[in-house]
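A.B. asks: Input file: entry.txt. Contents: compact mmCIF, C-alpha atoms.
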```txt
# COMPACT_ATOMS: atom_id res chain seq x y z
CA MET A 90 -49.43 -96.25 -11.53
CA PHE A 91 -52.06 -97.03 -8.92
CA THR A 92 -49.95 -96.01 -5.95
CA PRO A 93 -51.51 -94.92 -2.62
CA ASP A 94 -50.67 -91.29 -3.49
CA TYR A 95 -52.29 -91.62 -6.90
CA LEU A 96 -55.48 -92.96 -5.33
CA ASN A 97 -55.52 -90.01 -2.92
CA ASP A 98 -55.12 -87.60 -5.84
CA LEU A 99 -58.01 -89.25 -7.68
CA VAL A 100 -60.50 -88.69 -4.87
CA GLU A 101 -59.41 -85.11 -4.14
CA SER A 102 -61.91 -83.26 -6.35
CA SER A 103 -64.94 -85.29 -5.22
CA HIS A 104 -63.82 -84.90 -1.59
CA ILE A 105 -63.58 -81.11 -2.00
CA ALA A 106 -67.05 -80.96 -3.59
CA ALA A 107 -68.54 -82.99 -0.73
CA THR A 108 -66.74 -80.85 1.87
CA GLU A 109 -68.14 -77.61 0.45
CA PHE A 110 -71.57 -79.26 0.25
CA ASN A 111 -71.36 -80.17 3.96
CA MET A 112 -70.26 -76.66 4.96
CA TYR A 113 -73.17 -75.11 3.09
CA LEU A 114 -75.73 -77.38 4.77
CA THR A 115 -74.33 -76.69 8.24
CA ASN A 116 -74.58 -72.95 7.56
CA LYS A 117 -78.24 -73.44 6.59
CA VAL A 118 -78.89 -74.87 10.07
CA ILE A 119 -77.13 -71.90 11.68
CA ASP A 120 -79.31 -69.54 9.64
CA SER A 121 -82.42 -71.39 10.83
CA ILE A 122 -81.41 -71.04 14.50
CA ILE A 123 -80.86 -67.30 14.01
CA ASN A 124 -84.18 -66.93 12.17
CA LEU A 125 -85.99 -68.65 15.03
CA PHE A 126 -84.52 -66.61 17.88
CA GLU A 127 -83.62 -63.24 16.37
CA SER A 128 -86.22 -60.61 15.59
CA GLU A 129 -85.77 -56.92 14.77
CA GLY A 130 -82.06 -57.01 15.56
CA GLU A 131 -82.49 -58.63 18.99
CA ILE A 132 -82.41 -62.14 20.45
CA LYS A 133 -85.85 -62.98 21.84
CA ILE A 134 -86.87 -66.04 23.82
CA ILE A 135 -90.52 -67.03 23.36
CA PRO A 136 -91.99 -67.60 26.85
CA SER A 137 -94.84 -69.83 25.70
CA ASN A 138 -93.75 -73.42 25.09
CA ARG A 139 -96.74 -74.06 22.81
CA GLN A 140 -95.94 -71.04 20.63
CA ARG A 141 -92.25 -71.98 20.62
CA ILE A 142 -93.00 -75.51 19.38
CA LYS A 143 -95.29 -74.12 16.67
CA LEU A 144 -92.59 -71.74 15.37
CA LEU A 145 -89.89 -74.41 15.75
CA ASN A 146 -91.87 -76.85 13.59
CA GLU A 147 -92.49 -74.17 10.99
CA GLN A 148 -88.79 -73.29 10.82
CA SER A 149 -87.95 -77.01 10.76
CA GLY A 150 -90.18 -77.53 7.73
CA ILE A 151 -88.48 -74.66 5.91
CA LEU A 152 -85.05 -76.04 6.79
CA VAL A 153 -85.79 -79.57 5.55
CA SER A 154 -87.28 -78.19 2.34
CA ASP A 155 -84.23 -75.98 1.75
CA ILE A 156 -81.78 -78.81 2.46
CA GLU A 157 -83.59 -81.27 0.18
CA LYS A 158 -83.69 -78.63 -2.56
CA GLU A 159 -79.96 -77.97 -2.14
CA ILE A 160 -79.16 -81.68 -2.21
CA ARG A 161 -81.02 -82.03 -5.52
CA LYS A 162 -79.13 -79.00 -6.83
CA ARG A 163 -75.62 -79.89 -5.63
CA LEU A 164 -75.56 -83.69 -5.73
CA PRO A 165 -75.13 -83.83 -9.54
CA GLY A 166 -71.98 -81.68 -9.13
CA VAL A 167 -70.54 -84.13 -6.59
CA GLU A 168 -71.46 -87.06 -8.84
CA LYS A 169 -69.79 -85.33 -11.80
CA LYS A 170 -66.53 -85.11 -9.86
CA ILE A 171 -66.83 -88.79 -8.93
CA ARG A 172 -67.48 -89.71 -12.57
CA GLU A 173 -64.39 -87.75 -13.65
CA ALA A 174 -62.32 -89.62 -11.07
CA PHE A 175 -63.53 -92.97 -12.39
CA LEU A 176 -62.82 -92.01 -16.01
CA GLN A 177 -59.30 -90.89 -15.07
CA ALA A 178 -58.87 -94.17 -13.19
CA GLY A 179 -59.96 -96.10 -16.29
CA TYR A 180 -57.18 -94.52 -18.31
CA GLU A 181 -54.58 -95.31 -15.64
CA ILE A 182 -55.84 -98.91 -15.29
CA ASN A 183 -55.32 -99.33 -19.03
CA GLU A 184 -51.77 -97.96 -18.85
CA ASP A 185 -50.98 -100.13 -15.83
CA ILE A 186 -52.00 -103.34 -17.58
CA ASN A 187 -50.03 -102.38 -20.71
CA LYS A 188 -46.93 -101.80 -18.59
CA SER A 189 -47.40 -105.09 -16.73
CA ILE A 190 -47.73 -107.02 -20.00
CA ALA A 191 -44.76 -105.24 -21.62
CA ASP A 192 -42.57 -105.93 -18.57
CA MET A 193 -43.61 -109.58 -18.56
CA VAL A 194 -42.87 -110.05 -22.27
CA GLU A 195 -39.53 -108.24 -22.12
CA SER A 196 -38.32 -110.33 -19.19
CA ASP A 197 -39.42 -113.69 -20.63
CA LYS A 198 -37.41 -114.64 -23.74
CA GLU A 199 -39.55 -117.73 -24.46
CA LEU A 200 -42.72 -115.67 -24.34
CA LYS A 201 -41.25 -112.90 -26.50
CA ASP A 202 -40.02 -115.39 -29.12
CA PHE A 203 -43.52 -116.88 -29.25
CA ILE A 204 -45.59 -113.68 -29.55
CA GLY A 205 -43.13 -111.05 -30.81
CA GLU A 206 -43.84 -107.52 -29.56
CA ALA A 207 -46.04 -107.14 -26.51
CA PRO A 208 -49.67 -106.47 -27.47
CA ARG A 209 -51.11 -103.18 -26.28
CA LEU A 210 -54.62 -102.16 -25.32
CA GLU A 211 -55.45 -98.70 -26.64
CA HIS A 212 -58.68 -98.57 -24.69
CA LEU A 213 -60.51 -100.61 -22.11
CA THR A 214 -62.52 -103.43 -23.65
CA GLU A 215 -66.31 -103.29 -23.61
CA SER A 216 -66.48 -105.80 -20.75
CA GLU A 217 -63.95 -103.75 -18.78
CA LYS A 218 -65.88 -100.54 -19.42
CA LYS A 219 -68.92 -102.31 -17.99
CA LEU A 220 -66.96 -103.27 -14.88
CA LEU A 221 -65.80 -99.66 -14.45
CA ASP A 222 -69.30 -98.31 -15.03
CA ALA A 223 -70.81 -100.82 -12.58
CA ALA A 224 -68.29 -99.75 -9.92
CA TYR A 225 -69.13 -96.09 -10.57
CA LYS A 226 -72.86 -96.77 -10.26
CA ARG A 227 -72.33 -98.66 -7.00
CA THR A 228 -70.29 -95.77 -5.61
CA SER A 229 -72.73 -93.13 -6.85
CA GLY A 230 -75.60 -95.12 -5.34
CA GLU A 231 -73.83 -95.21 -1.97
CA ILE A 232 -73.32 -91.42 -2.10
CA ARG A 233 -77.01 -90.92 -2.88
CA ASN A 234 -78.01 -93.21 -0.01
CA LEU A 235 -75.86 -91.41 2.52
CA THR A 236 -77.15 -87.99 1.45
CA LYS A 237 -80.76 -89.19 1.83
CA THR A 238 -80.28 -89.21 5.59
CA THR A 239 -78.63 -85.77 5.65
CA ALA A 240 -81.81 -83.67 5.74
CA ALA A 241 -83.34 -85.65 8.61
CA ASP A 242 -80.02 -85.75 10.47
CA LEU A 243 -79.42 -81.99 10.27
CA ASN A 244 -83.03 -81.24 11.15
CA GLN A 245 -82.70 -83.42 14.24
CA GLN A 246 -79.61 -81.43 15.25
CA PHE A 247 -81.48 -78.18 14.64
CA MET A 248 -84.42 -79.24 16.83
CA LYS A 249 -82.13 -80.57 19.57
CA SER A 250 -79.97 -77.40 19.63
CA CYS A 251 -82.99 -75.09 19.68
CA ASP A 252 -84.65 -77.06 22.49
CA SER A 253 -81.43 -76.89 24.48
CA ALA A 254 -81.06 -73.13 23.90
CA TRP A 255 -84.66 -72.45 24.96
CA TRP A 256 -84.30 -74.58 28.11
CA LYS A 257 -81.06 -72.82 29.09
CA ALA A 258 -82.48 -69.35 28.43
CA THR A 259 -85.55 -70.08 30.56
CA HIS A 260 -83.48 -71.57 33.39
CA GLY A 261 -81.08 -68.73 34.17
CA VAL A 262 -78.53 -68.85 31.34
CA ASP A 263 -77.99 -65.58 29.45
CA LYS A 264 -80.08 -65.80 26.26
CA ASN A 265 -77.26 -64.62 24.00
CA THR A 266 -74.93 -67.24 25.47
CA ALA A 267 -77.59 -69.95 25.04
CA ILE A 268 -77.97 -69.16 21.32
CA ARG A 269 -74.21 -69.07 20.73
CA GLU A 270 -73.87 -72.44 22.44
CA ALA A 271 -76.62 -73.85 20.21
CA ILE A 272 -74.75 -72.68 17.12
CA SER A 273 -71.52 -74.09 18.52
CA GLU A 274 -73.14 -77.52 18.97
CA VAL A 275 -74.34 -77.54 15.36
CA SER A 276 -70.88 -76.52 14.18
CA LYS A 277 -69.20 -79.31 16.13
CA TYR A 278 -71.60 -81.93 14.84
CA GLY A 279 -72.09 -80.91 11.20
CA SER A 280 -73.77 -83.45 8.91
CA HIS A 281 -72.83 -87.04 9.61
CA VAL A 282 -73.50 -90.53 8.34
CA VAL A 283 -74.06 -93.26 10.92
CA TYR A 284 -73.24 -96.79 9.76
CA LYS A 285 -74.38 -100.10 11.20
CA GLY A 286 -72.49 -100.77 14.38
CA GLY A 287 -72.58 -97.10 15.34
CA ARG A 288 -69.59 -95.84 13.36
CA LYS A 289 -70.11 -92.14 12.61
CA MET A 290 -68.41 -90.23 9.79
CA THR A 291 -68.76 -86.77 8.30
CA VAL A 292 -70.36 -86.63 4.86
CA GLU A 293 -67.05 -85.63 3.28
CA ALA A 294 -65.12 -88.45 4.98
CA ALA A 295 -67.79 -90.97 3.93
CA THR A 296 -67.64 -89.64 0.36
CA ARG A 297 -63.86 -89.95 0.30
CA MET A 298 -64.05 -93.53 1.60
CA CYS A 299 -66.73 -94.53 -0.94
CA VAL A 300 -64.88 -93.08 -3.94
CA LEU A 301 -61.44 -94.42 -3.00
CA THR A 302 -62.84 -97.89 -2.29
CA GLY A 303 -64.99 -97.89 -5.44
CA ILE A 304 -62.13 -96.94 -7.74
CA ASN A 305 -59.76 -99.48 -6.24
CA GLN A 306 -62.38 -102.22 -6.52
CA ALA A 307 -62.90 -101.32 -10.18
CA ASN A 308 -59.15 -101.56 -10.72
CA ALA A 309 -59.13 -105.00 -9.05
CA GLU A 310 -62.00 -106.35 -11.14
CA ILE A 311 -60.48 -105.12 -14.41
CA THR A 312 -57.10 -106.58 -13.43
CA LEU A 313 -58.75 -109.95 -12.79
CA SER A 314 -60.47 -109.65 -16.17
CA HIS A 315 -57.04 -109.19 -17.81
CA CYS A 316 -55.66 -112.16 -15.88
CA ALA A 317 -58.52 -114.24 -17.30
CA ASP A 318 -57.73 -112.96 -20.81
CA ILE A 319 -54.06 -113.96 -20.68
CA GLY A 320 -54.51 -117.13 -18.64
CA MET A 321 -52.36 -115.76 -15.82
CA THR A 322 -52.98 -117.52 -12.51
CA THR A 323 -50.47 -115.63 -10.37
CA VAL A 324 -50.54 -112.01 -9.22
CA LEU A 325 -48.28 -109.75 -7.19
CA VAL A 326 -49.81 -107.56 -4.48
CA SER A 327 -48.30 -104.10 -3.93
CA SER A 328 -46.73 -102.96 -0.69
CA HIS A 329 -46.32 -99.60 1.01
CA ILE A 330 -44.91 -98.35 4.27
CA GLY A 331 -47.52 -97.73 6.95
CA ALA A 332 -49.83 -100.56 5.92
CA ARG A 333 -52.65 -101.47 8.30
CA TYR A 334 -51.71 -104.06 10.92
CA THR A 335 -53.23 -106.24 13.63
CA ASP A 336 -51.78 -108.67 16.17
CA HIS A 337 -52.61 -111.71 14.00
CA ASP A 338 -51.95 -112.79 10.41
CA GLU A 339 -55.40 -112.32 8.91
CA PRO A 340 -56.97 -110.36 6.03
CA ALA A 341 -57.35 -107.28 8.24
CA ASN A 342 -53.59 -107.35 8.86
CA HIS A 343 -52.48 -105.86 5.54
CA GLN A 344 -48.89 -105.81 6.73
CA SER A 345 -48.80 -109.63 6.74
CA TRP A 346 -49.81 -110.18 3.09
CA GLN A 347 -48.59 -107.11 1.19
CA GLY A 348 -45.79 -107.35 -1.42
CA LYS A 349 -46.21 -111.09 -2.04
CA ILE A 350 -47.15 -113.48 -4.88
CA TYR A 351 -50.48 -115.33 -4.83
CA SER A 352 -52.27 -117.95 -6.93
CA LEU A 353 -55.68 -117.20 -8.44
CA ASN A 354 -58.05 -120.15 -8.34
CA GLU A 355 -59.91 -121.07 -11.51
CA GLU A 356 -63.30 -120.41 -9.94
CA LEU A 357 -62.38 -116.76 -9.37
CA LEU A 358 -60.96 -116.38 -12.89
CA LYS A 359 -64.08 -117.89 -14.45
CA LYS A 360 -66.13 -115.09 -12.87
CA PHE A 361 -64.15 -112.74 -15.10
CA GLY A 362 -64.41 -114.69 -18.35
CA TYR A 363 -61.63 -117.27 -18.11
CA VAL A 364 -62.04 -120.46 -20.18
CA GLY A 365 -59.74 -123.49 -20.01
CA ASN A 366 -58.00 -125.41 -22.79
CA GLU A 367 -60.96 -127.64 -23.50
CA GLU A 368 -63.31 -124.74 -24.11
CA LYS A 369 -63.54 -122.33 -27.03
CA PRO A 370 -61.14 -119.49 -26.19
CA LYS A 371 -62.39 -115.93 -26.00
CA LYS A 372 -60.78 -113.74 -28.68
CA ASN A 373 -58.85 -110.79 -27.33
CA VAL A 374 -55.65 -108.85 -27.89
CA PHE A 375 -53.87 -111.04 -25.33
CA GLY A 376 -55.00 -114.34 -26.86
CA LYS A 377 -51.48 -115.21 -28.08
CA ILE A 378 -50.11 -114.82 -24.53
CA LYS A 379 -52.82 -117.12 -23.20
CA GLU A 380 -51.99 -119.67 -25.86
CA PHE A 381 -48.32 -119.61 -24.79
CA PHE A 382 -49.12 -120.16 -21.11
CA GLN A 383 -51.52 -122.99 -21.89
CA LYS A 384 -49.03 -124.74 -24.21
CA PHE A 385 -45.71 -124.23 -22.45
CA ARG A 386 -46.43 -123.27 -18.85
CA LYS A 387 -49.00 -125.89 -17.87
CA LYS A 388 -47.14 -126.80 -14.70
CA LYS A 389 -47.14 -123.74 -12.51
CA GLU A 390 -45.77 -123.33 -9.05
CA LYS A 391 -48.49 -122.96 -6.45
CA TYR A 392 -48.52 -119.97 -4.17
CA PRO A 393 -50.85 -119.12 -1.25
CA ASP A 394 -54.45 -118.66 -2.35
CA PHE A 395 -55.17 -115.05 -3.29
CA GLU A 396 -58.65 -114.79 -1.74
CA THR A 397 -57.97 -116.83 1.40
CA VAL A 398 -54.83 -114.99 2.52
CA THR A 399 -55.54 -111.41 1.43
CA GLY A 400 -59.27 -111.47 2.10
CA TYR A 401 -60.00 -110.08 -1.37
CA GLY A 402 -63.74 -109.45 -1.62
CA THR A 403 -64.17 -108.73 2.09
CA ILE A 404 -64.63 -105.38 3.84
CA GLU A 405 -61.38 -105.55 5.80
CA GLY A 406 -59.17 -107.27 3.21
CA LEU A 407 -57.40 -106.40 -0.05
CA CYS A 408 -59.32 -103.71 -1.98
CA GLY A 409 -61.81 -103.51 0.87
CA VAL A 410 -62.87 -100.32 2.63
CA ASN A 411 -60.17 -97.63 2.41
CA CYS A 412 -57.56 -100.15 1.23
CA ARG A 413 -54.93 -98.61 -1.06
CA HIS A 414 -53.17 -101.84 -2.07
CA THR A 415 -53.37 -103.05 -5.66
CA PHE A 416 -52.20 -106.13 -7.55
CA HIS A 417 -51.25 -107.04 -11.12
CA PRO A 418 -50.44 -110.09 -13.32
CA PHE A 419 -47.06 -111.54 -12.44
CA ASP A 420 -44.97 -114.38 -13.86
CA PRO A 421 -42.77 -115.64 -11.00
CA LYS A 422 -40.50 -117.55 -13.38
CA TYR A 423 -39.06 -114.41 -14.96
CA ASN A 424 -40.46 -111.29 -13.31
CA SER A 425 -38.71 -109.88 -10.25
CA ASN A 426 -40.66 -108.49 -7.30
CA PRO A 427 -40.06 -104.69 -7.23
CA TYR A 428 -41.80 -104.15 -3.90
CA LYS A 429 -39.86 -103.60 -0.71
CA ASP A 430 -40.26 -106.11 2.10
CA TYR A 431 -40.79 -103.66 4.95
CA ASP A 432 -39.65 -104.52 8.43
CA ASN A 433 -42.73 -105.11 10.61
CA GLU A 434 -41.61 -102.76 13.37
CA GLU A 435 -40.72 -100.06 10.83
CA ASN A 436 -44.14 -100.45 9.20
CA LYS A 437 -45.99 -100.38 12.54
CA LYS A 438 -44.17 -97.22 13.59
CA LYS A 439 -45.11 -95.51 10.32
CA TYR A 440 -48.73 -96.68 10.53
CA ASP A 441 -49.04 -95.33 14.08
CA LEU A 442 -47.54 -92.01 12.93
CA PHE A 443 -50.07 -91.83 10.09
CA GLN A 444 -52.90 -92.51 12.55
CA LYS A 445 -51.69 -89.73 14.83
CA GLN A 446 -51.40 -87.41 11.82
CA ARG A 447 -54.99 -88.23 10.78
CA ALA A 448 -56.19 -87.50 14.33
CA MET A 449 -54.43 -84.11 14.33
CA GLU A 450 -55.95 -83.33 10.91
CA ARG A 451 -59.44 -84.13 12.19
CA LYS A 452 -59.02 -81.71 15.10
CA ILE A 453 -57.70 -78.98 12.77
CA ARG A 454 -60.66 -79.48 10.43
CA GLU A 455 -63.10 -79.22 13.33
CA THR A 456 -61.50 -75.97 14.51
CA LYS A 457 -61.33 -74.61 10.97
CA LYS A 458 -65.01 -75.37 10.42
CA ARG A 459 -65.89 -73.66 13.69
CA MET A 460 -63.89 -70.61 12.62
CA TYR A 461 -65.66 -70.41 9.25
CA GLU A 462 -69.07 -70.94 10.81
CA ILE A 463 -68.51 -68.19 13.37
CA ARG A 464 -67.68 -65.86 10.48
CA HIS A 465 -70.90 -66.96 8.78
CA SER A 466 -72.85 -66.30 12.00
CA ILE A 467 -71.36 -62.80 12.30
CA LYS A 468 -72.68 -62.04 8.81
CA ALA A 469 -76.08 -63.58 9.58
CA PHE A 470 -76.74 -61.86 12.95
CA THR A 471 -78.06 -58.31 13.21
CA ASP A 472 -77.96 -58.23 17.04
CA GLU A 473 -74.89 -56.11 17.81
CA ASN A 474 -74.30 -57.80 21.19
CA GLN A 475 -74.17 -61.18 19.49
CA ILE A 476 -71.90 -59.92 16.75
CA ASP A 477 -69.42 -58.51 19.30
CA ALA A 478 -69.49 -61.75 21.32
CA MET A 479 -69.00 -63.81 18.17
CA LYS A 480 -66.00 -61.70 17.19
CA GLU A 481 -64.41 -62.39 20.57
CA GLU A 482 -65.08 -66.10 20.14
CA LEU A 483 -63.60 -65.96 16.63
CA SER A 484 -60.34 -64.58 18.06
CA GLU A 485 -60.17 -67.47 20.55
CA VAL A 486 -60.90 -70.11 17.91
CA LYS A 487 -58.40 -68.51 15.50
CA ALA A 488 -55.73 -68.72 18.22
CA LEU A 489 -56.60 -72.40 18.77
CA PHE A 490 -56.34 -73.07 15.05
CA ASP A 491 -52.94 -71.36 14.84
CA ARG A 492 -51.66 -73.44 17.75
CA GLN A 493 -53.01 -76.72 16.35
CA PHE A 494 -51.64 -76.06 12.88
CA GLY A 495 -48.25 -75.08 14.29
CA GLU A 496 -48.06 -78.31 16.30
CA TYR A 497 -49.13 -80.25 13.21
CA GLU A 498 -46.39 -78.71 11.04
CA ILE A 499 -43.76 -79.49 13.68
CA PHE A 500 -45.02 -83.07 14.03
CA CYS A 501 -44.87 -83.61 10.25
CA LYS A 502 -41.40 -82.12 9.98
CA GLN A 503 -40.03 -84.14 12.90
CA ASN A 504 -41.39 -87.41 11.49
CA GLY A 505 -40.74 -86.88 7.79
CA LEU A 506 -44.45 -86.60 6.89
CA LYS A 507 -46.06 -84.42 4.27
CA VAL A 508 -48.40 -81.61 5.34
CA ASP A 509 -51.58 -82.78 3.62
CA GLN A 510 -53.49 -79.62 2.67
CA GLU A 511 -56.24 -81.62 0.97
CA ARG A 512 -57.08 -83.40 4.23
CA LEU A 513 -57.21 -80.03 6.00
CA TYR A 514 -59.67 -78.54 3.51
CA VAL A 515 -63.14 -77.78 4.85
CA GLY A 516 -64.65 -75.59 2.12
CA ASN A 517 -65.09 -71.88 1.61
```
Give the structure from this file in structure tokens form.

C.D. replies:
Amino acid sequence: MFTPDYLNDLVESSHIAATEFNMYLTNKVIDSIINLFESEGEIKIIPSNRQRIKLLNEQSGILVSDIEKEIRKRLPGVEKKIREAFLQAGYEINEDINKSIADMVESDKELKDFIGEAPRLEHLTESEKKLLDAAYKRTSGEIRNLTKTTAADLNQQFMKSCDSAWWKATHGVDKNTAIREAISEVSKYGSHVVYKGGRKMTVEAATRMCVLTGINQANAEITLSHCADIGMTTVLVSSHIGARYTDHDEPANHQSWQGKIYSLNEELLKKFGYVGNEEKPKKNVFGKIKEFFQKFRKKKEKYPDFETVTGYGTIEGLCGVNCRHTFHPFDPKYNSNPYKDYDNEENKKKYDLFQKQRAMERKIRETKKRMYEIRHSIKAFTDENQIDAMKEELSEVKALFDRQFGEYEIFCKQNGLKVDQERLYVGN
């Protein structure tokens, strides 16, 4: 089923591909810094500013060309992983709807007497395949858009770090130290995506967010398509411990609307192919179920409006950015709600623990990246003084990583949380 854990598993392979992609690009910037300042096994600082700018621009042009070439080479691999995730999601969506229909038929004697055995979809319908494909294309397009800015972003970091290193080296700072600090700055920054409003995310985090959101939105649209097919106007939203919360009952406060029943308005259903009694019905495998609801269940209890309360279709609401809630067709007359009604304080405590865990994971990833990039620098340098200094720095960063990871393991154990290796992955 489309549980939060299942959604995380779906995005894992595309997240790993994007993470390795990001690591490679950052290493390309480190190589460019070394190429600019190291010559014949020694760090050299060009005294002439004019000559320095000329060489910096030349190296910058090479870097941008290499990055753009690598993006063209590696992006199809990332997109392939995303496509695989969407195809796997399509299969699970199909199984989810079959289970929902079977449960509904088995629990409703009147419905079962009318239609017999529950109908089963062997595959997604053509219209549902189109919805899945459209969601994939939207997600893939977002990934392409965010990678378009990567070359310029990394080049800007390269230029900024090199300028800083040159200024330091010509104003009394040891030249070897200045170059190491430049590399350190690049390592800390990496390749980022900056969204409107100033929110900044790493490429891999942005990829993860895009894929998870895209798949869940596809699931939502296909579910609504099935609701239109069977004439079902009520749905049940899932619930999970640690749901997002705010101080007010609003779409952004997922805690307030999770695990409840909602009514779908006809306008929303019509967007997904619903036709009323007076119109020619659309033929589908669930047509008999729709006929039953239209004949015998005309009077239906009204529940809070699905879109208004949950904020479905908005960035912060149900199936919005990074939301892991789902929903499915639900007949309140016979079906029982399987979702737990979590205590608000219990949920808030868990959410806050998850947020602290994510913060610890981000710090571990940063340290891990720094450790890997120092190792890359050691291989790239030929200056023995730099190599020795880098090895000393590697020991310090390794000790920091060991301490951070140890604290993370203790925190997870004390609070009953899983050590999430996938979220700690930064590439090879």

A.B. asks: Considering only C-alpha atoms, can you say which of A:Lys422, A:Ile463, A:Ala309, A:Asn504 comes closest to Glu481 (chain A)?

C.D. replies: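 Of the candidates, the smallest distance to Glu481 (chain A) is held by A:Ile463.
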
A.B. asks: Find, counting all atoms listed in the file, the residue in A:Glu199, A:Glu101, A:Glu159, A:Asp394 that gets nearest to Glu511 (chain A).

C.D. replies: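 With all atoms listed in the file as the atom set, the closest residue is A:Glu101.
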
A.B. asks: One number please: CA of Arg288 (chain A) to CA of Asp222 (chain A), in Å, one decimal.

C.D. replies: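 Rounded to one decimal, the two atoms are 28.5 Å apart.
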
A.B. asks: So which residues touch Asn305 (chain A) within 10 Å, counting all atoms listed in the file, skipping near sequence neighbours fewer than 5 positions away, as an mmCIF file with C-alpha atoms, in the frame of the given file?

C.D. replies:
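So the final result, stored in result.cif, reads:
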```cif
data_model
loop_
_atom_site.group_PDB
_atom_site.id
_atom_site.type_symbol
_atom_site.label_atom_id
_atom_site.label_comp_id
_atom_site.auth_asym_id
_atom_site.auth_seq_id
_atom_site.Cartn_x
_atom_site.Cartn_y
_atom_site.Cartn_z
ATOM 1 C CA PHE A 91 -52.060 -97.030 -8.920
ATOM 2 C CA LEU A 96 -55.480 -92.960 -5.330
ATOM 3 C CA PHE A 175 -63.530 -92.970 -12.390
ATOM 4 C CA ALA A 178 -58.870 -94.170 -13.190
ATOM 5 C CA ILE A 182 -55.840 -98.910 -15.290
ATOM 6 C CA ALA A 224 -68.290 -99.750 -9.920
ATOM 7 C CA VAL A 300 -64.880 -93.080 -3.940
ATOM 8 C CA GLU A 310 -62.000 -106.350 -11.140
ATOM 9 C CA ILE A 311 -60.480 -105.120 -14.410
ATOM 10 C CA LEU A 407 -57.400 -106.400 -0.050
ATOM 11 C CA CYS A 408 -59.320 -103.710 -1.980
ATOM 12 C CA GLY A 409 -61.810 -103.510 0.870
ATOM 13 C CA VAL A 410 -62.870 -100.320 2.630
ATOM 14 C CA ASN A 411 -60.170 -97.630 2.410
ATOM 15 C CA CYS A 412 -57.560 -100.150 1.230
ATOM 16 C CA ARG A 413 -54.930 -98.610 -1.060
ATOM 17 C CA HIS A 414 -53.170 -101.840 -2.070
ATOM 18 C CA THR A 415 -53.370 -103.050 -5.660
#
```

A.B. asks: I'd like to know which of A:Ser154, A:Asn474, A:Ser128, A:Asn116 is closest to Ala240 (chain A), using all atoms listed in the file.

C.D. replies: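 Looking at the shortest contact to Ala240 (chain A), the residue is A:Ser154.
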
A.B. asks: Rounded to one decimal in Å, what is the spacing between CA of Ile156 (chain A) and CA of Glu168 (chain A)?

C.D. replies: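 The value is 17.4 Å.
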
A.B. asks: Give the answer as one residue: which of A:His337, A:Ala332, A:Gly320, A:Glu181 has the shortest atom-to-atom distance to Leu353 (chain A), using all atoms listed in the file?

C.D. replies: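 For Leu353 (chain A), the nearest of the given residues is A:Gly320.
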
A.B. asks: Please measure the separation of CA of Phe395 (chain A) and CA of Ser229 (chain A), giving the value in Å to one decimal.

C.D. replies: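 Answer for the CA of Phe395 (chain A) to CA of Ser229 (chain A) separation: 28.3 Å.
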
A.B. asks: Counting all atoms listed in the file, find residues at most 12 Å from (-65.9, -90.0, -0.1) (file frame) and give them as a ChimeraX atom specification.

C.D. replies: /A:97,99-108,111,167-168,170-171,174,228-229,231-233,235-236,282,290-304,410-411,512

A.B. asks: Fewer than 4 positions away in the same chain doesn't count, so skip those; otherwise give me all residues within 12 Å of Tyr423 (chain A), counting only C-alpha atoms, as a list of chain:residue names.

C.D. replies: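 Once the nearby chain positions are removed, what remains is A:Asp192, A:Met193, A:Val194, A:Glu195, A:Ser196, A:Asp197, A:Lys198, A:Glu199, A:Leu200, A:Lys201, A:Phe419.
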
A.B. asks: Could you tell me which of A:Ile404, A:Ile453, A:Ile151, A:Val374 comes closest to Asp318 (chain A) if we count only C-alpha atoms?

C.D. replies: A:Val374

A.B. asks: Skip Ala488 (chain A) itself and residues of its chain fewer than 6 positions away, then list as a list in words all residues within 12 Å of it, counting all atoms listed in the file.

C.D. replies: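 The neighbour list is Ile453, Thr456, Lys457, Met460, Glu481, Glu482, Phe494 and Gly495 of chain A.
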
A.B. asks: I'd like to know which of A:Lys169, A:Asn146, A:Leu176, A:Glu129 is closest to Gln245 (chain A), using only C-alpha atoms.

C.D. replies: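 Ranked by minimum distance to Gln245 (chain A), first place goes to A:Asn146.
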
A.B. asks: So that I can check the surroundings of Pro208 (chain A), please list as JSON, numbers by chain every protein, DNA and RNA residue that reaches within 9 Å of it, counting all atoms listed in the file and ignoring chain neighbours fewer than 3 positions away.

C.D. replies: {"A": [187, 190, 191, 204, 205, 374, 375, 377, 378]}

A.B. asks: For Glu462 (chain A), list every protein, DNA or RNA residue within 10 Å, evaluated using only C-alpha atoms, and leave out those in the same chain fewer than 3 positions away; present the list as a PyMOL selection string.

C.D. replies: chain A and resi 112-113+115-116+119+272-273+275-277+456-459+465-468+483
